[in-house]
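Okay, work01.pdb now, which holds PDB, C-alpha atoms:
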```pdb
ATOM      1  CA  MET A  11       4.556  43.328 110.113
ATOM      2  CA  LYS A  12       4.359  41.527 113.431
ATOM      3  CA  ASP A  13       0.852  42.877 113.962
ATOM      4  CA  ASP A  14      -0.213  41.467 110.553
ATOM      5  CA  LYS A  15       1.182  38.046 111.431
ATOM      6  CA  ARG A  16      -0.491  38.135 114.833
ATOM      7  CA  LEU A  17      -3.816  39.093 113.231
ATOM      8  CA  LYS A  18      -3.558  36.313 110.652
ATOM      9  CA  ARG A  19      -2.731  33.805 113.377
ATOM     10  CA  LYS A  20      -5.713  34.905 115.465
ATOM     11  CA  VAL A  21      -8.039  34.658 112.464
ATOM     12  CA  ARG A  22      -6.692  31.215 111.578
ATOM     13  CA  ASN A  23      -7.011  29.993 115.154
ATOM     14  CA  SER A  24     -10.587  31.237 115.445
ATOM     15  CA  TYR A  25     -11.434  29.458 112.167
ATOM     16  CA  ILE A  26      -9.941  26.188 113.417
ATOM     17  CA  VAL A  27     -11.627  26.418 116.817
ATOM     18  CA  SER A  28     -15.057  27.151 115.344
ATOM     19  CA  THR A  29     -14.645  24.375 112.748
ATOM     20  CA  VAL A  30     -13.724  21.796 115.386
ATOM     21  CA  SER A  31     -16.547  23.010 117.634
ATOM     22  CA  ILE A  32     -19.129  22.633 114.871
ATOM     23  CA  ALA A  33     -17.751  19.179 113.983
ATOM     24  CA  LEU A  34     -17.923  17.947 117.588
ATOM     25  CA  VAL A  35     -21.460  19.257 118.087
ATOM     26  CA  LEU A  36     -22.590  17.627 114.825
ATOM     27  CA  PHE A  37     -20.945  14.374 115.913
ATOM     28  CA  LEU A  38     -22.703  14.557 119.280
ATOM     29  CA  LEU A  39     -26.080  15.271 117.681
ATOM     30  CA  GLY A  40     -25.593  12.468 115.149
ATOM     31  CA  SER A  41     -24.620   9.982 117.857
ATOM     32  CA  VAL A  42     -27.605  10.909 120.011
ATOM     33  CA  GLY A  43     -29.854  10.701 116.940
ATOM     34  CA  TYR A  44     -28.484   7.236 116.194
ATOM     35  CA  LEU A  45     -29.108   6.058 119.765
ATOM     36  CA  MET A  46     -32.602   7.561 119.706
ATOM     37  CA  THR A  47     -33.321   5.775 116.427
ATOM     38  CA  ALA A  48     -32.184   2.487 117.948
ATOM     39  CA  ALA A  49     -34.265   3.109 121.081
ATOM     40  CA  MET A  50     -37.348   3.958 119.003
ATOM     41  CA  ALA A  51     -36.833   0.761 116.985
ATOM     42  CA  VAL A  52     -36.712  -1.259 120.215
ATOM     43  CA  ALA A  53     -39.880   0.485 121.413
ATOM     44  CA  ASP A  54     -41.670  -0.366 118.148
ATOM     45  CA  THR A  55     -40.477  -3.970 118.465
ATOM     46  CA  LEU A  56     -41.904  -4.227 121.983
ATOM     47  CA  GLN A  57     -45.251  -2.856 120.853
ATOM     48  CA  SER A  58     -45.266  -5.144 117.816
ATOM     49  CA  ASN A  59     -44.673  -8.332 119.843
ATOM     50  CA  ILE A  60     -47.961  -8.367 121.724
ATOM     51  CA  GLN A  61     -49.928 -11.495 120.879
ATOM     52  CA  LEU A  62     -53.475 -12.647 121.236
ATOM     53  CA  SER A  63     -54.842 -16.164 120.847
ATOM     54  CA  VAL A  64     -57.878 -16.923 118.685
ATOM     55  CA  GLU A  65     -59.145 -20.342 119.826
ATOM     56  CA  LEU A  66     -61.267 -22.326 117.374
ATOM     57  CA  LYS A  67     -64.239 -24.562 118.084
ATOM     58  CA  ASN A  68     -63.815 -28.304 117.793
ATOM     59  CA  GLY A  69     -65.057 -29.857 114.583
ATOM     60  CA  ILE A  70     -64.887 -26.809 112.293
ATOM     61  CA  SER A  71     -64.177 -27.475 108.621
ATOM     62  CA  GLU A  72     -61.023 -26.553 106.717
ATOM     63  CA  SER A  73     -62.954 -23.910 104.765
ATOM     64  CA  GLN A  74     -64.117 -22.275 108.005
ATOM     65  CA  ARG A  75     -60.575 -22.272 109.355
ATOM     66  CA  ALA A  76     -59.282 -20.767 106.091
ATOM     67  CA  HIS A  77     -62.011 -18.104 106.255
ATOM     68  CA  ILE A  78     -60.997 -17.144 109.808
ATOM     69  CA  GLU A  79     -57.331 -16.992 108.815
ATOM     70  CA  LYS A  80     -58.139 -14.725 105.868
ATOM     71  CA  ARG A  81     -60.206 -12.418 108.056
ATOM     72  CA  LEU A  82     -57.282 -12.130 110.447
ATOM     73  CA  SER A  83     -54.639 -11.575 107.764
ATOM     74  CA  ASP A  84     -56.712  -8.835 106.085
ATOM     75  CA  ASP A  85     -56.833  -6.733 109.254
ATOM     76  CA  ASP A  86     -54.322  -3.862 109.557
ATOM     77  CA  LEU A  87     -53.693  -4.662 113.226
ATOM     78  CA  VAL A  88     -52.260  -8.100 112.388
ATOM     79  CA  SER A  89     -48.604  -8.476 111.444
ATOM     80  CA  ARG A  90     -48.180 -12.278 111.699
ATOM     81  CA  ILE A  91     -50.363 -15.370 112.107
ATOM     82  CA  VAL A  92     -49.260 -18.825 113.250
ATOM     83  CA  PHE A  93     -51.638 -21.806 113.429
ATOM     84  CA  SER A  94     -51.180 -24.025 116.473
ATOM     85  CA  SER A  95     -53.040 -27.335 116.620
ATOM     86  CA  LYS A  96     -54.183 -28.826 119.909
ATOM     87  CA  ASP A  97     -51.984 -31.886 119.340
ATOM     88  CA  GLU A  98     -48.885 -29.688 119.036
ATOM     89  CA  LYS A  99     -49.834 -27.892 122.252
ATOM     90  CA  ALA A 100     -50.350 -31.162 124.097
ATOM     91  CA  SER A 101     -46.964 -32.513 123.016
ATOM     92  CA  ASP A 102     -45.085 -29.477 124.325
ATOM     93  CA  GLU A 103     -42.629 -30.605 127.029
ATOM     94  CA  GLU A 104     -42.990 -27.456 129.135
ATOM     95  CA  PHE A 105     -46.755 -27.877 129.106
ATOM     96  CA  ARG A 106     -46.442 -31.549 130.086
ATOM     97  CA  LYS A 107     -44.275 -30.728 133.110
ATOM     98  CA  MET A 108     -47.227 -28.982 134.736
ATOM     99  CA  PHE A 109     -49.045 -32.310 135.083
ATOM    100  CA  GLU A 110     -47.923 -35.293 137.162
ATOM    101  CA  SER A 111     -49.739 -37.716 134.881
ATOM    102  CA  GLU A 112     -51.141 -37.855 131.379
ATOM    103  CA  TYR A 113     -54.307 -35.759 131.537
ATOM    104  CA  GLU A 114     -55.809 -37.764 128.659
ATOM    105  CA  GLU A 115     -56.016 -40.692 131.077
ATOM    106  CA  ILE A 116     -58.105 -38.585 133.436
ATOM    107  CA  LEU A 117     -60.241 -36.629 130.963
ATOM    108  CA  GLY A 118     -60.335 -39.208 128.212
ATOM    109  CA  GLU A 119     -59.507 -36.628 125.509
ATOM    110  CA  ASN A 120     -57.343 -33.623 124.697
ATOM    111  CA  PRO A 121     -59.139 -30.620 126.246
ATOM    112  CA  LEU A 122     -57.107 -28.058 124.316
ATOM    113  CA  LEU A 123     -58.324 -26.224 121.218
ATOM    114  CA  ASP A 124     -56.761 -25.397 117.857
ATOM    115  CA  SER A 125     -55.850 -21.741 117.700
ATOM    116  CA  PHE A 126     -54.279 -18.944 115.708
ATOM    117  CA  GLU A 127     -51.494 -17.116 117.555
ATOM    118  CA  VAL A 128     -51.782 -13.565 116.241
ATOM    119  CA  THR A 129     -48.969 -11.004 116.546
ATOM    120  CA  LEU A 130     -50.251  -7.427 116.500
ATOM    121  CA  THR A 131     -48.716  -4.285 115.030
ATOM    122  CA  SER A 132     -47.786  -1.180 117.045
ATOM    123  CA  GLN A 133     -51.236   0.241 116.190
ATOM    124  CA  SER A 134     -52.621  -2.037 118.891
ATOM    125  CA  GLU A 135     -51.811   0.704 121.438
ATOM    126  CA  GLU A 136     -55.088   2.380 120.439
ATOM    127  CA  GLN A 137     -57.605   0.766 122.774
ATOM    128  CA  GLU A 138     -60.604   1.517 120.574
ATOM    129  CA  LEU A 139     -59.029  -0.290 117.618
ATOM    130  CA  ILE A 140     -58.087  -3.374 119.621
ATOM    131  CA  ASP A 141     -61.536  -3.554 121.252
ATOM    132  CA  ALA A 142     -63.244  -3.358 117.844
ATOM    133  CA  PHE A 143     -60.844  -5.981 116.482
ATOM    134  CA  ILE A 144     -61.587  -8.428 119.326
ATOM    135  CA  ARG A 145     -65.346  -7.906 118.974
ATOM    136  CA  GLY A 146     -65.156  -8.518 115.231
ATOM    137  CA  ILE A 147     -63.072 -11.693 115.573
ATOM    138  CA  SER A 148     -65.213 -13.047 118.424
ATOM    139  CA  GLY A 149     -68.278 -12.785 116.220
ATOM    140  CA  ILE A 150     -66.868 -14.976 113.449
ATOM    141  CA  GLU A 151     -68.509 -18.404 113.207
ATOM    142  CA  GLY A 152     -66.099 -21.079 114.418
ATOM    143  CA  VAL A 153     -64.263 -18.894 116.943
ATOM    144  CA  GLU A 154     -64.587 -20.163 120.501
ATOM    145  CA  HIS A 155     -62.627 -17.555 122.420
ATOM    146  CA  VAL A 156     -60.224 -14.651 121.905
ATOM    147  CA  GLY A 157     -57.542 -14.352 124.574
ATOM    148  CA  TYR A 158     -55.855 -10.958 124.899
ATOM    149  CA  PRO A 159     -53.366  -9.971 127.663
ATOM    150  CA  ALA A 160     -55.000  -6.575 128.215
ATOM    151  CA  VAL A 161     -53.186  -5.639 131.452
ATOM    152  CA  MET A 162     -49.755  -6.581 130.133
ATOM    153  CA  ALA A 163     -50.391  -4.841 126.802
ATOM    154  CA  GLU A 164     -51.529  -1.655 128.544
ATOM    155  CA  LYS A 165     -48.365  -1.591 130.678
ATOM    156  CA  VAL A 166     -46.138  -2.159 127.626
ATOM    157  CA  HIS A 167     -47.788   0.632 125.621
ATOM    158  CA  SER A 168     -47.720   3.018 128.589
ATOM    159  CA  THR A 169     -44.031   2.349 129.270
ATOM    160  CA  VAL A 170     -43.057   2.668 125.611
ATOM    161  CA  ASN A 171     -44.921   5.974 125.244
ATOM    162  CA  LYS A 172     -43.138   7.352 128.315
ATOM    163  CA  ILE A 173     -39.779   6.279 126.909
ATOM    164  CA  ARG A 174     -40.569   7.993 123.600
ATOM    165  CA  LEU A 175     -41.569  11.206 125.383
ATOM    166  CA  VAL A 176     -38.358  11.240 127.451
ATOM    167  CA  LEU A 177     -36.240  10.616 124.351
ATOM    168  CA  LEU A 178     -37.949  13.398 122.397
ATOM    169  CA  LEU A 179     -37.563  15.875 125.262
ATOM    170  CA  PHE A 180     -33.918  14.914 125.731
ATOM    171  CA  GLY A 181     -33.171  15.120 122.004
ATOM    172  CA  GLY A 182     -34.971  18.447 121.634
ATOM    173  CA  SER A 183     -33.171  19.946 124.649
ATOM    174  CA  LEU A 184     -29.796  18.758 123.374
ATOM    175  CA  LEU A 185     -30.502  20.193 119.924
ATOM    176  CA  LEU A 186     -31.481  23.580 121.384
ATOM    177  CA  ILE A 187     -28.411  23.730 123.650
ATOM    178  CA  SER A 188     -26.127  22.698 120.788
ATOM    179  CA  LEU A 189     -27.510  25.378 118.478
ATOM    180  CA  ILE A 190     -27.019  28.032 121.154
ATOM    181  CA  LEU A 191     -23.407  26.945 121.683
ATOM    182  CA  LEU A 192     -22.737  26.909 117.942
ATOM    183  CA  ASN A 193     -24.253  30.352 117.552
ATOM    184  CA  ASN A 194     -21.971  31.695 120.283
ATOM    185  CA  THR A 195     -18.913  29.979 118.776
ATOM    186  CA  ILE A 196     -19.503  31.434 115.303
ATOM    187  CA  ARG A 197     -20.372  34.838 116.753
ATOM    188  CA  LEU A 198     -17.063  34.881 118.625
ATOM    189  CA  ALA A 199     -15.247  34.002 115.391
ATOM    190  CA  ILE A 200     -16.952  36.921 113.613
ATOM    191  CA  PHE A 201     -16.341  39.119 116.678
ATOM    192  CA  SER A 202     -12.577  38.656 116.271
ATOM    193  CA  LYS A 203     -12.912  40.202 112.797
ATOM    194  CA  ARG A 204     -15.139  43.121 113.730
ATOM    195  CA  TYR A 205     -12.408  45.716 113.111
ATOM    196  CA  ILE A 206     -11.871  44.362 109.596
ATOM    197  CA  ILE A 207     -15.618  44.629 108.969
ATOM    198  CA  ASN A 208     -15.684  48.184 110.316
ATOM    199  CA  THR A 209     -12.697  49.205 108.148
ATOM    200  CA  MET A 210     -14.428  47.817 105.045
ATOM    201  CA  LYS A 211     -17.553  49.826 105.910
ATOM    202  CA  LEU A 212     -15.515  53.029 106.328
ATOM    203  CA  VAL A 213     -13.995  52.716 102.848
ATOM    204  CA  GLY A 214     -17.460  52.338 101.302
ATOM    205  CA  ALA A 215     -17.780  48.569 100.828
ATOM    206  CA  THR A 216     -21.344  47.353 100.262
ATOM    207  CA  LYS A 217     -23.017  44.881 102.612
ATOM    208  CA  TRP A 218     -22.828  42.056 100.062
ATOM    209  CA  PHE A 219     -19.150  42.789  99.326
ATOM    210  CA  ILE A 220     -18.378  42.483 103.060
ATOM    211  CA  MET A 221     -20.432  39.330 103.525
ATOM    212  CA  LYS A 222     -19.179  37.464 100.458
ATOM    213  CA  PRO A 223     -15.746  36.330 101.790
ATOM    214  CA  PHE A 224     -17.246  35.415 105.152
ATOM    215  CA  LEU A 225     -19.955  33.327 103.494
ATOM    216  CA  ARG A 226     -17.368  31.521 101.347
ATOM    217  CA  SER A 227     -15.392  30.804 104.487
ATOM    218  CA  SER A 228     -18.512  29.582 106.339
ATOM    219  CA  LEU A 229     -19.395  27.310 103.420
ATOM    220  CA  SER A 230     -15.979  25.647 103.452
ATOM    221  CA  GLN A 231     -16.107  25.536 107.250
ATOM    222  CA  GLY A 232     -19.483  23.791 107.180
ATOM    223  CA  ILE A 233     -18.294  21.220 104.640
ATOM    224  CA  VAL A 234     -15.110  20.475 106.595
ATOM    225  CA  SER A 235     -17.023  20.270 109.886
ATOM    226  CA  GLY A 236     -19.609  17.935 108.370
ATOM    227  CA  LEU A 237     -16.909  15.679 106.924
ATOM    228  CA  ILE A 238     -15.017  15.513 110.222
ATOM    229  CA  ALA A 239     -18.224  14.717 112.127
ATOM    230  CA  ALA A 240     -19.264  12.094 109.542
ATOM    231  CA  VAL A 241     -15.871  10.357 109.674
ATOM    232  CA  LEU A 242     -15.897  10.315 113.492
ATOM    233  CA  PHE A 243     -19.443   8.977 113.494
ATOM    234  CA  LEU A 244     -18.744   6.224 110.946
ATOM    235  CA  VAL A 245     -15.623   5.128 112.817
ATOM    236  CA  THR A 246     -17.617   4.988 116.053
ATOM    237  CA  VAL A 247     -20.463   3.026 114.456
ATOM    238  CA  TYR A 248     -18.003   0.613 112.837
ATOM    239  CA  GLY A 249     -16.286   0.056 116.183
ATOM    240  CA  LEU A 250     -19.607  -0.553 117.915
ATOM    241  CA  ASN A 251     -20.664  -2.922 115.148
ATOM    242  CA  GLU A 252     -17.485  -4.947 115.616
ATOM    243  CA  SER A 253     -17.839  -5.145 119.396
ATOM    244  CA  ILE A 254     -21.660  -5.182 119.721
ATOM    245  CA  PRO A 255     -23.189  -6.518 116.450
ATOM    246  CA  GLU A 256     -26.699  -6.387 117.949
ATOM    247  CA  ILE A 257     -26.692  -2.588 117.670
ATOM    248  CA  MET A 258     -26.613  -2.663 113.873
ATOM    249  CA  SER A 259     -29.528  -5.106 113.828
ATOM    250  CA  ILE A 260     -31.564  -2.417 115.610
ATOM    251  CA  ALA A 261     -30.519   0.637 113.570
ATOM    252  CA  ASP A 262     -29.492  -0.406 110.056
ATOM    253  CA  TRP A 263     -27.001   1.152 107.628
ATOM    254  CA  GLU A 264     -29.757   3.004 105.785
ATOM    255  CA  LYS A 265     -30.467   5.079 108.901
ATOM    256  CA  VAL A 266     -26.742   5.564 109.423
ATOM    257  CA  GLY A 267     -26.520   6.952 105.876
ATOM    258  CA  ILE A 268     -29.378   9.370 106.575
ATOM    259  CA  ILE A 269     -27.630  10.606 109.737
ATOM    260  CA  VAL A 270     -24.328  11.094 107.863
ATOM    261  CA  ALA A 271     -26.087  13.050 105.089
ATOM    262  CA  THR A 272     -27.840  15.169 107.728
ATOM    263  CA  MET A 273     -24.454  15.948 109.304
ATOM    264  CA  LEU A 274     -23.022  17.149 105.990
ATOM    265  CA  VAL A 275     -26.034  19.282 105.108
ATOM    266  CA  GLY A 276     -26.463  20.476 108.701
ATOM    267  CA  GLY A 277     -22.837  21.637 108.876
ATOM    268  CA  VAL A 278     -23.292  23.904 105.854
ATOM    269  CA  LEU A 279     -26.708  25.220 106.911
ATOM    270  CA  ILE A 280     -25.748  25.885 110.530
ATOM    271  CA  SER A 281     -22.468  27.560 109.655
ATOM    272  CA  GLY A 282     -24.050  29.683 106.910
ATOM    273  CA  LEU A 283     -27.122  30.725 108.898
ATOM    274  CA  PHE A 284     -25.286  31.726 112.068
ATOM    275  CA  THR A 285     -22.604  33.516 110.037
ATOM    276  CA  ILE A 286     -25.267  35.635 108.314
ATOM    277  CA  LEU A 287     -26.939  36.470 111.644
ATOM    278  CA  SER A 288     -23.637  37.481 113.263
ATOM    279  CA  LEU A 289     -22.485  39.485 110.237
ATOM    280  CA  ASN A 290     -25.718  41.446 110.148
ATOM    281  CA  LYS A 291     -25.168  42.505 113.725
ATOM    282  CA  PHE A 292     -21.648  43.858 113.173
ATOM    283  CA  ILE A 293     -22.310  45.316 109.718
ATOM    284  CA  ASN A 294     -25.318  47.273 110.990
ATOM    285  CA  MET A 295     -23.516  48.388 114.144
ATOM    286  CA  GLN A 296     -22.419  52.024 114.294
ATOM    287  CA  SER A 297     -18.653  52.548 114.083
ATOM    288  CA  ASN A 298     -18.449  54.449 117.362
ATOM    289  CA  LYS A 299     -20.040  51.518 119.235
ATOM    290  CA  ILE A 300     -17.880  48.725 117.881
ATOM    291  CA  TYR A 301     -15.202  49.454 120.490
ATOM    292  CA  LEU A 302     -17.677  48.824 123.310
ATOM    293  CA  TYR A 303     -17.819  45.088 122.538
TER     294      TYR A 303
END
```
Would you kindly transcribe this structure into C-alpha cells?
Amino acid sequence: MKDDKRLKRKVRNSYIVSTVSIALVLFLLGSVGYLMTAAMAVADTLQSNIQLSVELKNGISESQRAHIEKRLSDDDLVSRIVFSSKDEKASDEEFRKMFESEYEEILGENPLLDSFEVTLTSQSEEQELIDAFIRGISGIEGVEHVGYPAVMAEKVHSTVNKIRLVLLLFGGSLLLISLILLNNTIRLAIFSKRYIINTMKLVGATKWFIMKPFLRSSLSQGIVSGLIAAVLFLVTVYGLNESIPEIMSIADWEKVGIIVATMLVGGVLISGLFTILSLNKFINMQSNKIYLY
C-alpha cells in the first residue's frame, strides 16, 4: 500500500516538474522572441529613416514640380516625401545661427533651392537599387542635384545587418538549447514510468494501448504549460507597458497575440512530440535491458 502511494507521488511529482519546466522554457522563448521582434522593428526603423534631398532648379513650373513629385512617390524605394521651399529653409533659426549677418545682404538673393526631402524604405540597403534610383531622379528635367549621405547610410545598413545576424544566432541557439532541455525533462518523466511500461508489455498490451494514456497526459500537460507560460508572458508585458510605454510602441499587441498563440500551440506540439520519441525508446527496449537504465 505504501509502495503504491509512493509510486503515485513520484509520478505526480514528475508530471508537475515537467509541466513547470515546459512552461518556463516556453515563457523564456516567448520573451526572447518578443525582444527580438522589438529589436528587429527598431532595426527596420533605422533603415527606413535614411533621407536624401532632391534639389530643384530655380524657375521650374508647378507642373514640372508635380511631375517630379509623382515620379518620386511612384518609386518603391520611397516611403515619404516632404516639400521644402527655399524660403522656409532660409527662415530656419538653426540655419540662421551659422551666419553672423543676413547673407541676403551680401549675396543679394537667397542662394538656397527648393527641394523634396525623401525618406527611403529599408530596401535602400541594396546599393544597386539606390544607385539606379539616384541616376533616374538626377536625369529628370528640373532636378538640380540629388544629395545622398552614402557613407552614413552604408554604416547604418552594415550595423543593422550585424545586429540582425547576432539576434538570429542568439535566438536559434537558445531555441536549440531549450528543445534539448525539454527533451531531457520529458524523457526523465517517462523514465520514471519505465517499469509500468514494461509490465504492460509483459501482459500483452499493444504499442498504441501503452502510448494512449501517456499521449493524453502529454496533451493536457502541453495545454497547461502553454497557459502558464502565456499568463506569465502577458503579465510581464503588461508590467513593462505600464513602466516603459515605449516598448509597446515598438512591438504591438498583434505581435504579442501571435507569440501567445505560438506558446499554446508549441506547448502541445513539444510535449506530444518528445513524449512519442521517449515512449518509442522504452516500448521497443528489451525487458532484460530496462534495469540497466
Pick from A:Pro159, A:Gly267, A:Gly181, A:Gly282: nearest to Asn193 of chain A, with all atoms listed in the file counted?
A:Gly282
Exactly which residues make up the result of the PyMOL selection byres ((chain A and resi 152) around 8) on this file, given as a PyMOL selection string?
chain A and resi 66-67+70+74-75+78+150-151+153-154
Compare A:Asn171, A:Ser202, A:Ser288, A:Ser235 by their minimum atom-to-atom distance to Met221 of chain A, counting all atoms listed in the file, and give me the closest one.
A:Ser288
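A straight line drawn from atom CA of Arg90 of chain A to atom CA of Val161 of chain A is 21.4 Å long.
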Would you mind listing what lies within 12 Å of Tyr25 of chain A as a PyMOL selection string, with all atoms listed in the file counted and same-chain residues fewer than 4 positions away left out?
chain A and resi 18-21+29-32+195-203+224+227-228+230-232+234-235+281
Among the residues A:Ile207, A:Val128, A:Leu56, A:Ala49, the one that comes closest to Ile293 of chain A [using only C-alpha atoms]:
A:Ile207
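Minimum distance to Ala33 of chain A across A:Leu279, A:Leu123, A:Ile220, A:Met273 (counting only C-alpha atoms) occurs at A:Met273.
In this model, the gap between atom CA of Tyr44 of chain A and atom CA of Thr285 of chain A comes to 27.6 Å.
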Quick one: pull the distance between atom CA of Val247 of chain A and atom CA of Val270 of chain A, Å, one decimal.
11.1 Å
Choose the residue, out of A:Tyr248, A:Phe37, A:Phe143, A:Trp218, that has the smallest atom-to-atom separation from Leu130 of chain A; count all atoms listed in the file.
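Using all atoms listed in the file, Leu130 of chain A sits closest to A:Phe143.
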For the provided coordinates, the residues matched by the PyMOL selection byres ((chain A and resi 41) around 10) should be stated as a PyMOL selection string.
chain A and resi 35-40+42-47+239+242-244+246-247+266+269
Using all atoms listed in the file, which of A:Tyr205, A:Gln137, A:Met295, A:Ala142 sits nearest His167 of chain A?
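Ranking A:Tyr205, A:Gln137, A:Met295, A:Ala142 by distance to His167 of chain A, first place goes to A:Gln137.
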Polymer residues at most 12 Å from Lys172 of chain A, only C-alpha atoms, same-chain spacing of 6 or more positions, as a list of chain:residue names:
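The filter keeps A:Met50, A:Ala53, A:Lys165, A:Val166, A:Leu178, A:Leu179.
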Just say which residues the PyMOL selection byres ((chain A and resi 135) around 9) picks in this file, as an NGL selection string.
:A and (57 or 131-134 or 136-140 or 163-164 or 166-168)
Six-sided padding of 5 Å per side, axis-aligned box over segment 42-48 of chain A, centre and edges in Å, one decimal, as JSON:
```
{"center_x": -30.5, "center_y": 6.7, "center_z": 118.1, "size_x": 15.7, "size_y": 18.4, "size_z": 13.8}
```
Step by step: locate segment 138-215 of chain A in the block above, keep C-alpha atoms, then write the file as a JSON list (two decimals), in the first residue's frame.
```json
[["chain", "number", "residue", "atom", "x", "y", "z"],
["A", 138, "GLU", "CA", 22.37, 48.70, -56.85],
["A", 139, "LEU", "CA", 18.78, 49.83, -56.27],
["A", 140, "ILE", "CA", 19.76, 53.11, -54.63],
["A", 141, "ASP", "CA", 22.33, 53.87, -57.35],
["A", 142, "ALA", "CA", 19.74, 53.26, -60.08],
["A", 143, "PHE", "CA", 17.22, 55.39, -58.18],
["A", 144, "ILE", "CA", 19.63, 58.34, -57.88],
["A", 145, "ARG", "CA", 20.59, 58.10, -61.56],
["A", 146, "GLY", "CA", 16.94, 58.05, -62.59],
["A", 147, "ILE", "CA", 16.00, 61.04, -60.41],
["A", 148, "SER", "CA", 19.07, 63.04, -61.46],
["A", 149, "GLY", "CA", 18.03, 62.69, -65.08],
["A", 150, "ILE", "CA", 14.60, 64.25, -64.59],
["A", 151, "GLU", "CA", 14.24, 67.72, -66.11],
["A", 152, "GLY", "CA", 14.10, 70.33, -63.36],
["A", 153, "VAL", "CA", 16.28, 68.45, -60.86],
["A", 154, "GLU", "CA", 19.45, 70.32, -59.97],
["A", 155, "HIS", "CA", 21.11, 67.91, -57.57],
["A", 156, "VAL", "CA", 20.42, 64.76, -55.56],
["A", 157, "GLY", "CA", 22.12, 64.67, -52.16],
["A", 158, "TYR", "CA", 22.53, 61.24, -50.57],
["A", 159, "PRO", "CA", 24.50, 60.52, -47.34],
["A", 160, "ALA", "CA", 26.17, 57.43, -48.81],
["A", 161, "VAL", "CA", 28.79, 56.89, -46.07],
["A", 162, "MET", "CA", 26.30, 57.28, -43.23],
["A", 163, "ALA", "CA", 23.73, 55.07, -44.97],
["A", 164, "GLU", "CA", 26.32, 52.34, -45.57],
["A", 165, "LYS", "CA", 27.31, 52.35, -41.89],
["A", 166, "VAL", "CA", 23.67, 52.19, -40.77],
["A", 167, "HIS", "CA", 22.85, 49.26, -43.07],
["A", 168, "SER", "CA", 26.04, 47.42, -42.10],
["A", 169, "THR", "CA", 25.38, 47.85, -38.38],
["A", 170, "VAL", "CA", 21.73, 46.83, -38.66],
["A", 171, "ASN", "CA", 22.61, 43.70, -40.64],
["A", 172, "LYS", "CA", 25.16, 42.70, -38.00],
["A", 173, "ILE", "CA", 22.59, 43.21, -35.25],
["A", 174, "ARG", "CA", 20.09, 41.04, -37.13],
["A", 175, "LEU", "CA", 22.67, 38.28, -37.59],
["A", 176, "VAL", "CA", 23.59, 38.31, -33.89],
["A", 177, "LEU", "CA", 19.92, 38.20, -32.88],
["A", 178, "LEU", "CA", 19.17, 35.30, -35.22],
["A", 179, "LEU", "CA", 22.18, 33.32, -33.99],
["A", 180, "PHE", "CA", 21.28, 34.01, -30.37],
["A", 181, "GLY", "CA", 17.62, 33.11, -30.89],
["A", 182, "GLY", "CA", 18.47, 29.94, -32.81],
["A", 183, "SER", "CA", 20.99, 28.82, -30.17],
["A", 184, "LEU", "CA", 18.52, 29.46, -27.36],
["A", 185, "LEU", "CA", 15.80, 27.54, -29.20],
["A", 186, "LEU", "CA", 18.11, 24.55, -29.75],
["A", 187, "ILE", "CA", 19.28, 24.51, -26.11],
["A", 188, "SER", "CA", 15.70, 24.83, -24.86],
["A", 189, "LEU", "CA", 14.50, 21.93, -27.00],
["A", 190, "ILE", "CA", 17.33, 19.74, -25.75],
["A", 191, "LEU", "CA", 16.48, 20.57, -22.13],
["A", 192, "LEU", "CA", 12.78, 19.91, -22.72],
["A", 193, "ASN", "CA", 13.55, 16.60, -24.38],
["A", 194, "ASN", "CA", 15.62, 15.54, -21.38],
["A", 195, "THR", "CA", 12.93, 16.69, -18.93],
["A", 196, "ILE", "CA", 10.17, 14.73, -20.67],
["A", 197, "ARG", "CA", 12.43, 11.71, -21.12],
["A", 198, "LEU", "CA", 13.14, 11.69, -17.38],
["A", 199, "ALA", "CA", 9.39, 11.84, -16.70],
["A", 200, "ILE", "CA", 8.83, 8.83, -18.98],
["A", 201, "PHE", "CA", 11.90, 7.13, -17.47],
["A", 202, "SER", "CA", 10.25, 7.18, -14.03],
["A", 203, "LYS", "CA", 7.42, 5.10, -15.53],
["A", 204, "ARG", "CA", 9.54, 2.60, -17.42],
["A", 205, "TYR", "CA", 8.59, -0.30, -15.12],
["A", 206, "ILE", "CA", 4.90, 0.38, -15.72],
["A", 207, "ILE", "CA", 5.55, 0.35, -19.47],
["A", 208, "ASN", "CA", 7.50, -2.90, -19.20],
["A", 209, "THR", "CA", 4.73, -4.54, -17.12],
["A", 210, "MET", "CA", 2.13, -3.55, -19.73],
["A", 211, "LYS", "CA", 4.30, -5.09, -22.46],
["A", 212, "LEU", "CA", 4.65, -8.35, -20.49],
["A", 213, "VAL", "CA", 0.88, -8.76, -20.19],
["A", 214, "GLY", "CA", 0.46, -8.34, -23.95],
["A", 215, "ALA", "CA", -0.59, -4.69, -24.29]]
```
